[in-house]
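With compact mmCIF, C-alpha atoms inside, this is coords26.txt:
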```
# COMPACT_ATOMS: atom_id res chain seq x y z
CA MET A 1 105.15 101.30 100.38
CA ARG A 2 106.54 101.34 96.85
CA GLU A 3 107.36 105.03 96.91
CA GLN A 4 108.86 104.84 100.41
CA PHE A 5 111.20 102.09 99.31
CA LEU A 6 112.17 103.56 95.93
CA ILE A 7 113.14 106.87 97.47
CA GLU A 8 115.73 105.03 99.55
CA LEU A 9 117.40 103.88 96.33
CA THR A 10 118.26 107.49 95.51
CA GLY A 11 120.79 107.57 98.35
CA PRO A 12 124.47 107.68 97.51
CA GLY A 13 125.89 104.31 96.60
CA ALA A 14 122.55 102.51 97.04
CA GLN A 15 122.19 101.44 93.42
CA ALA A 16 125.87 100.68 92.91
CA LYS A 17 125.58 97.54 95.05
CA ILE A 18 122.53 96.21 93.19
CA ASP A 19 123.78 93.83 90.50
CA GLY A 20 120.45 92.18 89.69
CA LEU A 21 116.91 91.37 90.73
CA ALA A 22 118.05 89.05 93.54
CA ALA A 23 120.03 91.85 95.21
CA LEU A 24 117.08 94.24 94.86
CA ASN A 25 114.72 91.69 96.41
CA GLU A 26 117.16 91.17 99.27
CA LEU A 27 117.21 94.88 100.02
CA PHE A 28 113.42 95.12 99.77
CA THR A 29 112.88 92.16 102.12
CA ALA A 30 115.29 93.61 104.67
CA TRP A 31 113.61 97.02 104.48
CA VAL A 32 110.08 95.62 104.83
CA GLU A 33 110.83 93.34 107.78
CA THR A 34 113.14 95.76 109.63
CA ILE A 35 111.58 99.16 108.92
CA TYR A 36 108.12 99.10 107.33
CA HIS A 37 106.57 96.31 109.42
CA GLN A 38 107.86 97.87 112.65
CA ARG A 39 106.73 101.46 112.01
CA VAL A 40 103.36 102.62 113.40
CA HIS A 41 100.91 103.49 110.62
CA SER A 42 99.35 106.94 110.85
CA GLU A 43 95.84 105.69 109.95
CA THR A 44 95.58 102.47 111.98
CA GLY A 45 97.75 103.42 114.94
CA GLN A 46 99.39 99.98 114.70
CA THR A 47 102.42 98.55 113.01
CA PRO A 48 101.55 96.61 109.82
CA LEU A 49 102.94 93.41 111.32
CA ALA A 50 100.85 93.72 114.53
CA ARG A 51 97.69 94.48 112.56
CA PHE A 52 98.23 91.56 110.18
CA THR A 53 98.85 89.01 112.96
CA ALA A 54 95.98 90.24 115.16
CA THR A 55 93.37 88.39 113.08
CA GLU A 56 93.13 85.46 110.70
CA PRO A 57 95.00 85.83 107.38
CA PRO A 58 92.80 87.79 104.94
CA ALA A 59 91.48 86.24 101.74
CA LEU A 60 93.48 87.47 98.78
CA PRO A 61 91.36 89.10 96.03
CA SER A 62 91.56 87.94 92.44
CA ALA A 63 92.91 90.10 89.62
CA ALA A 64 89.35 90.79 88.43
CA GLN A 65 88.28 91.91 91.90
CA LEU A 66 91.26 94.25 92.16
CA HIS A 67 90.45 95.75 88.77
CA GLU A 68 86.81 96.25 89.78
CA ALA A 69 87.79 97.94 93.05
CA PHE A 70 89.61 100.77 91.25
CA LEU A 71 86.95 101.52 88.63
CA TRP A 72 84.85 104.69 88.76
CA SER A 73 81.14 105.01 87.99
CA GLU A 74 78.63 107.73 87.13
CA ALA A 75 74.89 107.64 86.47
CA ARG A 76 73.48 108.88 83.15
CA LEU A 77 70.04 109.01 81.50
CA VAL A 78 69.81 107.21 78.17
CA THR A 79 68.43 109.52 75.43
CA LYS A 80 65.80 108.68 72.85
CA THR A 81 68.56 107.87 70.38
CA ALA A 82 70.01 105.24 72.76
CA THR A 83 73.09 107.29 73.61
CA VAL A 84 74.71 108.61 76.79
CA SER A 85 77.22 111.39 77.29
CA LEU A 86 80.15 111.50 79.68
CA HIS A 87 82.35 114.61 79.93
CA GLY A 88 81.90 115.55 76.28
CA ASN A 89 82.07 111.99 74.94
CA THR A 90 79.06 110.27 73.36
CA TYR A 91 78.44 106.53 73.55
CA GLU A 92 75.83 104.19 72.08
CA VAL A 93 74.06 101.72 74.37
CA ASP A 94 71.36 99.05 74.03
CA ALA A 95 68.10 100.51 72.69
CA ALA A 96 66.17 98.67 75.43
CA LEU A 97 67.65 101.17 77.91
CA VAL A 98 66.07 104.27 76.32
CA GLY A 99 64.63 106.56 78.97
CA ARG A 100 66.30 104.66 81.82
CA ARG A 101 69.02 105.84 84.20
CA VAL A 102 72.03 103.57 83.91
CA GLU A 103 75.38 103.29 85.66
CA LEU A 104 78.50 103.81 83.57
CA VAL A 105 81.55 101.99 84.97
CA PHE A 106 84.96 102.93 83.61
CA ASP A 107 88.67 103.29 84.13
CA PRO A 108 89.24 107.01 84.88
CA PHE A 109 92.41 106.97 82.78
CA ASP A 110 90.74 105.31 79.78
CA LEU A 111 87.32 106.67 78.73
CA THR A 112 87.31 104.88 75.39
CA GLU A 113 85.48 101.90 76.90
CA LEU A 114 82.55 101.94 79.34
CA SER A 115 80.56 99.15 80.94
CA VAL A 116 76.81 99.74 81.24
CA ARG A 117 74.84 98.45 84.23
CA TYR A 118 71.17 98.72 85.05
CA GLN A 119 69.82 97.84 88.48
CA GLY A 120 73.02 95.95 89.23
CA ARG A 121 72.90 93.89 86.03
CA ASP A 122 75.53 94.02 83.32
CA MET A 123 74.04 95.45 80.11
CA GLY A 124 77.09 95.19 77.92
CA THR A 125 79.70 97.68 76.73
CA ALA A 126 78.96 101.19 75.51
CA ILE A 127 80.29 101.87 72.00
CA GLY A 128 82.21 105.08 71.59
CA HIS A 129 80.49 107.41 69.09
CA GLN A 130 82.38 110.64 69.65
CA ILE A 131 85.48 110.51 71.87
CA GLY A 132 87.12 113.82 72.62
CA ARG A 133 88.39 113.15 76.14
CA HIS A 134 90.37 110.05 77.08
CA VAL A 135 91.00 110.79 80.76
CA HIS A 136 88.46 111.78 83.42
CA PRO A 137 88.98 115.44 84.44
CA ALA A 138 89.18 114.48 88.12
CA ALA A 139 91.80 111.79 87.55
CA LYS A 140 95.24 113.04 88.45
CA PRO A 141 98.36 111.02 87.65
CA GLU A 142 100.55 110.02 90.55
CA THR A 143 103.56 112.21 91.08
CA SER A 144 106.74 110.97 92.65
CA PRO A 145 107.84 112.84 95.78
CA ASP A 146 110.88 115.04 95.61
CA PRO A 147 114.01 113.03 96.37
CA ALA A 148 115.43 113.47 99.83
CA PRO A 149 118.71 115.34 100.11
CA ALA A 150 121.78 113.13 100.02
CA THR A 151 123.14 112.25 103.46
CA GLY A 152 126.22 110.30 102.41
CA ILE A 153 124.96 107.21 104.29
CA ASP A 154 124.10 103.91 102.62
CA TYR A 155 120.80 103.56 104.46
CA LEU A 156 119.61 100.38 102.74
CA GLY A 157 123.00 98.76 103.27
CA LEU A 158 122.71 99.42 107.01
CA VAL A 159 119.16 98.03 107.01
CA ARG A 160 120.33 94.86 105.25
CA GLU A 161 123.11 94.31 107.80
CA ARG A 162 120.69 94.83 110.67
CA HIS A 163 118.21 92.39 109.10
CA ALA A 164 120.92 89.75 108.64
CA ALA A 165 121.99 90.14 112.27
CA THR A 166 118.38 89.72 113.41
CA LEU A 167 117.97 86.52 111.42
CA THR A 168 121.06 84.95 113.02
CA LYS A 169 119.65 85.62 116.50
CA ARG A 170 116.25 84.05 115.87
CA VAL A 171 117.62 80.52 116.46
CA ASP A 172 120.30 80.42 119.18
CA TYR A 173 121.72 76.92 118.78
CA ALA A 174 124.22 77.45 121.60
CA SER A 175 121.44 78.03 124.13
CA LEU A 176 119.55 74.96 122.89
CA ALA A 177 122.55 72.76 123.76
CA GLN A 178 122.50 73.88 127.41
CA PRO A 179 120.44 71.66 129.82
CA ALA A 180 117.48 73.40 131.40
CA ALA A 181 116.73 73.24 135.13
CA ASN A 182 113.30 71.61 135.56
CA THR A 183 112.71 71.45 139.31
CA ALA A 184 114.02 72.82 142.54
CA GLY A 185 115.58 69.40 143.25
CA THR A 186 117.66 69.60 140.09
CA ALA A 187 118.79 73.09 141.02
CA ALA A 188 119.81 71.86 144.46
CA SER A 189 121.98 69.10 142.92
CA ARG A 190 124.07 71.61 140.99
CA ASP A 191 127.51 72.31 142.41
CA GLY A 192 129.22 75.38 141.05
CA GLY A 193 126.87 75.53 137.98
CA VAL A 194 127.41 71.81 137.04
CA ASP A 195 124.50 69.34 137.08
CA VAL A 196 126.00 66.41 139.03
CA GLY A 197 123.20 64.01 138.12
CA LEU A 198 123.51 64.70 134.41
CA GLU A 199 127.29 64.30 134.51
CA THR A 200 126.90 60.91 136.25
CA GLU A 201 124.44 59.64 133.64
CA LEU A 202 126.66 60.76 130.77
CA ALA A 203 129.66 58.98 132.32
CA ALA A 204 127.64 55.77 132.68
CA PHE A 205 126.54 55.88 129.04
CA ALA A 206 130.15 56.45 127.93
CA ALA A 207 131.40 53.47 129.94
CA LEU A 208 128.66 51.26 128.54
CA ALA A 209 129.53 52.22 124.97
CA GLN A 210 133.23 51.39 125.51
CA THR A 211 132.63 48.02 127.21
CA GLY A 212 130.08 46.64 124.75
CA PRO A 213 128.14 43.35 125.19
CA ALA A 214 129.89 40.36 126.73
CA GLU A 215 131.21 37.56 124.53
CA GLU A 216 128.79 35.08 126.11
CA ASP A 217 125.84 37.31 125.29
CA ARG A 218 127.10 37.62 121.74
CA ARG A 219 127.35 33.82 121.39
CA ASP A 220 123.80 33.48 122.67
CA GLN A 221 122.60 36.02 120.16
CA LEU A 222 124.47 34.20 117.37
CA ASP A 223 122.95 30.81 118.29
CA LEU A 224 119.48 32.29 118.31
CA LEU A 225 119.96 33.78 114.86
CA GLU A 226 121.25 30.45 113.53
CA LEU A 227 118.19 28.66 114.87
CA LEU A 228 115.92 31.16 113.14
CA ASP A 229 117.75 30.81 109.77
CA PRO A 230 115.74 28.44 107.56
CA THR A 231 118.60 28.09 105.07
CA ASP A 232 120.99 26.43 107.54
CA PRO A 233 121.39 22.71 106.60
CA ASP A 234 122.18 21.74 110.20
CA ASN A 235 118.79 23.08 111.30
CA ASP A 236 117.07 20.97 108.65
CA SER A 237 118.83 17.78 109.77
CA GLN A 238 117.92 18.43 113.40
CA GLU A 239 114.30 18.94 112.51
CA HIS A 240 114.15 15.65 110.56
CA GLN A 241 115.71 13.79 113.47
```
Spit out the file's structure as structure tokens when you get a sec.
Amino acid sequence: MREQFLIELTGPGAQAKIDGLAALNELFTAWVETIYHQRVHSETGQTPLARFTATEPPALPSAAQLHEAFLWSEARLVTKTATVSLHGNTYEVDAALVGRRVELVFDPFDLTELSVRYQGRDMGTAIGHQIGRHVHPAAKPETSPDPAPATGIDYLGLVRERHAATLTKRVDYASLAQPAANTAGTAASRDGGVDVGLETELAAFAALAQTGPAEEDRRDQLDLLELLDPTDPDNDSQEHQ
């Protein structure tokens, strides 16, 4: 994903519009949601978004688990001098492991430090005795793909505009304001696309709001409130009488 996105930044004018991290994140989000998540993956045969939503959200691994997942390992026999060799390097291990076959776990790009394991148990760190090679011979550094030829089109700019347009269409507030037809009876009451029943109810509510409560009702409400007010001296005198 990283390489696919970065290669798009080599297009003409792509980097000129990036004035900070926020602009870069905006472009990346638009590219992921509009292009990457919608493109069928060659290995799974599904789009990343469809595969992710097909099951429950996966448990995210910790940093230690990620580091462990990318380590390499090789088995070696511990010599009588409590040493092991790995691609020309010599390491010292615990003397209790003499004559035993152990597992050496290491970062292929850093052979200066090895972890020693025996029967699945951690037996400490091997101490470098003679280090002549720092990188495993089978470890190849990642190479960036050749940049695509310039097309003269601001591809990421077009993706961002398309993403923004998609976001504005996700919630159509205009359609939410329109009344929905529930039953066949409601549809039959419509005359020329206007819901007669709804219009009548709205008119009644408007008339009620303009008229307001009658003066007599208001006086009744006021008298009731006065009777319930314990601070009114008239109420106290009436109670004593």
Near-segment 108-111 of chain A list (6 Å; all atoms listed in the file; drop same-chain fewer than 3 positions) as a ChimeraX atom specification:
/A:134-136
Polymer residues at most 7 Å from Leu27 of chain A, all atoms listed in the file, same-chain spacing of 3 or more positions, as a PyMOL selection string
chain A and resi 23-24+30-31+156+160
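The two atoms in question, atom CA of Asn25 of chain A and atom CA of Phe5 of chain A, are spaced 11.4 Å apart.
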Around (69.7, 98.1, 73.9), as given in the file, which residues come within 10 Å? Count all atoms listed in the file and list them as a VMD selection string.
chain A and resid 82 to 83 92 to 98 123 to 124 126
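Here atom CA of Glu26 of chain A and atom CA of Val159 of chain A stand 10.5 Å from one another.
Separating atom CA of Arg133 of chain A from atom CA of His87 of chain A is a distance of 7.3 Å.
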Shell around Ile35 of chain A at 12 Å using all atoms listed in the file, local window under 6 positions removed, as a list in words:
Met1, Gln4, Phe5, Glu8, Leu27, Phe28, Thr29, His41, Thr47, Pro48, Leu49, Tyr155, Leu156, Leu158, Val159, Arg160, Arg162 and His163 of chain A
Residues as selected, C-alpha atoms, written as a short mmCIF file (atom, residue, chain, number, x, y, z; two decimals), in the frame of the given file, can you do that?
```
data_model
loop_
_atom_site.label_atom_id
_atom_site.label_comp_id
_atom_site.auth_asym_id
_atom_site.auth_seq_id
_atom_site.Cartn_x
_atom_site.Cartn_y
_atom_site.Cartn_z
CA MET A 1 105.15 101.30 100.38
CA GLN A 4 108.86 104.84 100.41
CA PHE A 5 111.20 102.09 99.31
CA GLU A 8 115.73 105.03 99.55
CA LEU A 27 117.21 94.88 100.02
CA PHE A 28 113.42 95.12 99.77
CA THR A 29 112.88 92.16 102.12
CA HIS A 41 100.91 103.49 110.62
CA THR A 47 102.42 98.55 113.01
CA PRO A 48 101.55 96.61 109.82
CA LEU A 49 102.94 93.41 111.32
CA TYR A 155 120.80 103.56 104.46
CA LEU A 156 119.61 100.38 102.74
CA LEU A 158 122.71 99.42 107.01
CA VAL A 159 119.16 98.03 107.01
CA ARG A 160 120.33 94.86 105.25
CA ARG A 162 120.69 94.83 110.67
CA HIS A 163 118.21 92.39 109.10
#
```
Taking all listed atoms of segment 50-66 of chain A, build the axis-aligned box, pad each of the six sides by 5 Å, then write its centre and edge lengths in Å to one decimal as JSON.
```
{"center_x": 94.6, "center_y": 90.0, "center_z": 101.8, "size_x": 22.6, "size_y": 19.0, "size_z": 36.7}
```
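Of the residues under consideration (A:Arg121, A:His129, A:Lys169, A:Arg101), A:Arg101 shows the shortest atom-to-atom contact distance to Thr79 of chain A when counting only C-alpha atoms.
Closest approach to Val78 of chain A from the set A:Leu104, A:Ala165, A:Ile131, A:Ala50 is made by A:Leu104, with distances taken over all atoms listed in the file.
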Return as JSON lines the residues of segment 84-172 of chain A lying at most 8 Å from segment 62-77 of chain A, together with the closest atom-to-atom pair for each and the distance in Å to one decimal, counting only C-alpha atoms, with rows in chain order and ascending residue number.
```
{"residue": "A:Val84", "atom": "CA", "partner": "A:Arg76", "partner_atom": "CA", "distance": 6.5}
{"residue": "A:Ser85", "atom": "CA", "partner": "A:Arg76", "partner_atom": "CA", "distance": 7.4}
{"residue": "A:Leu86", "atom": "CA", "partner": "A:Arg76", "partner_atom": "CA", "distance": 8.0}
{"residue": "A:Gly99", "atom": "CA", "partner": "A:Leu77", "partner_atom": "CA", "distance": 6.5}
{"residue": "A:Arg100", "atom": "CA", "partner": "A:Leu77", "partner_atom": "CA", "distance": 5.7}
{"residue": "A:Arg101", "atom": "CA", "partner": "A:Leu77", "partner_atom": "CA", "distance": 4.3}
{"residue": "A:Val102", "atom": "CA", "partner": "A:Arg76", "partner_atom": "CA", "distance": 5.6}
{"residue": "A:Glu103", "atom": "CA", "partner": "A:Ala75", "partner_atom": "CA", "distance": 4.5}
{"residue": "A:Leu104", "atom": "CA", "partner": "A:Ser73", "partner_atom": "CA", "distance": 5.3}
{"residue": "A:Val105", "atom": "CA", "partner": "A:Ser73", "partner_atom": "CA", "distance": 4.3}
{"residue": "A:Phe106", "atom": "CA", "partner": "A:Trp72", "partner_atom": "CA", "distance": 5.4}
{"residue": "A:Asp107", "atom": "CA", "partner": "A:Leu71", "partner_atom": "CA", "distance": 5.1}
{"residue": "A:Pro108", "atom": "CA", "partner": "A:Trp72", "partner_atom": "CA", "distance": 6.3}
```
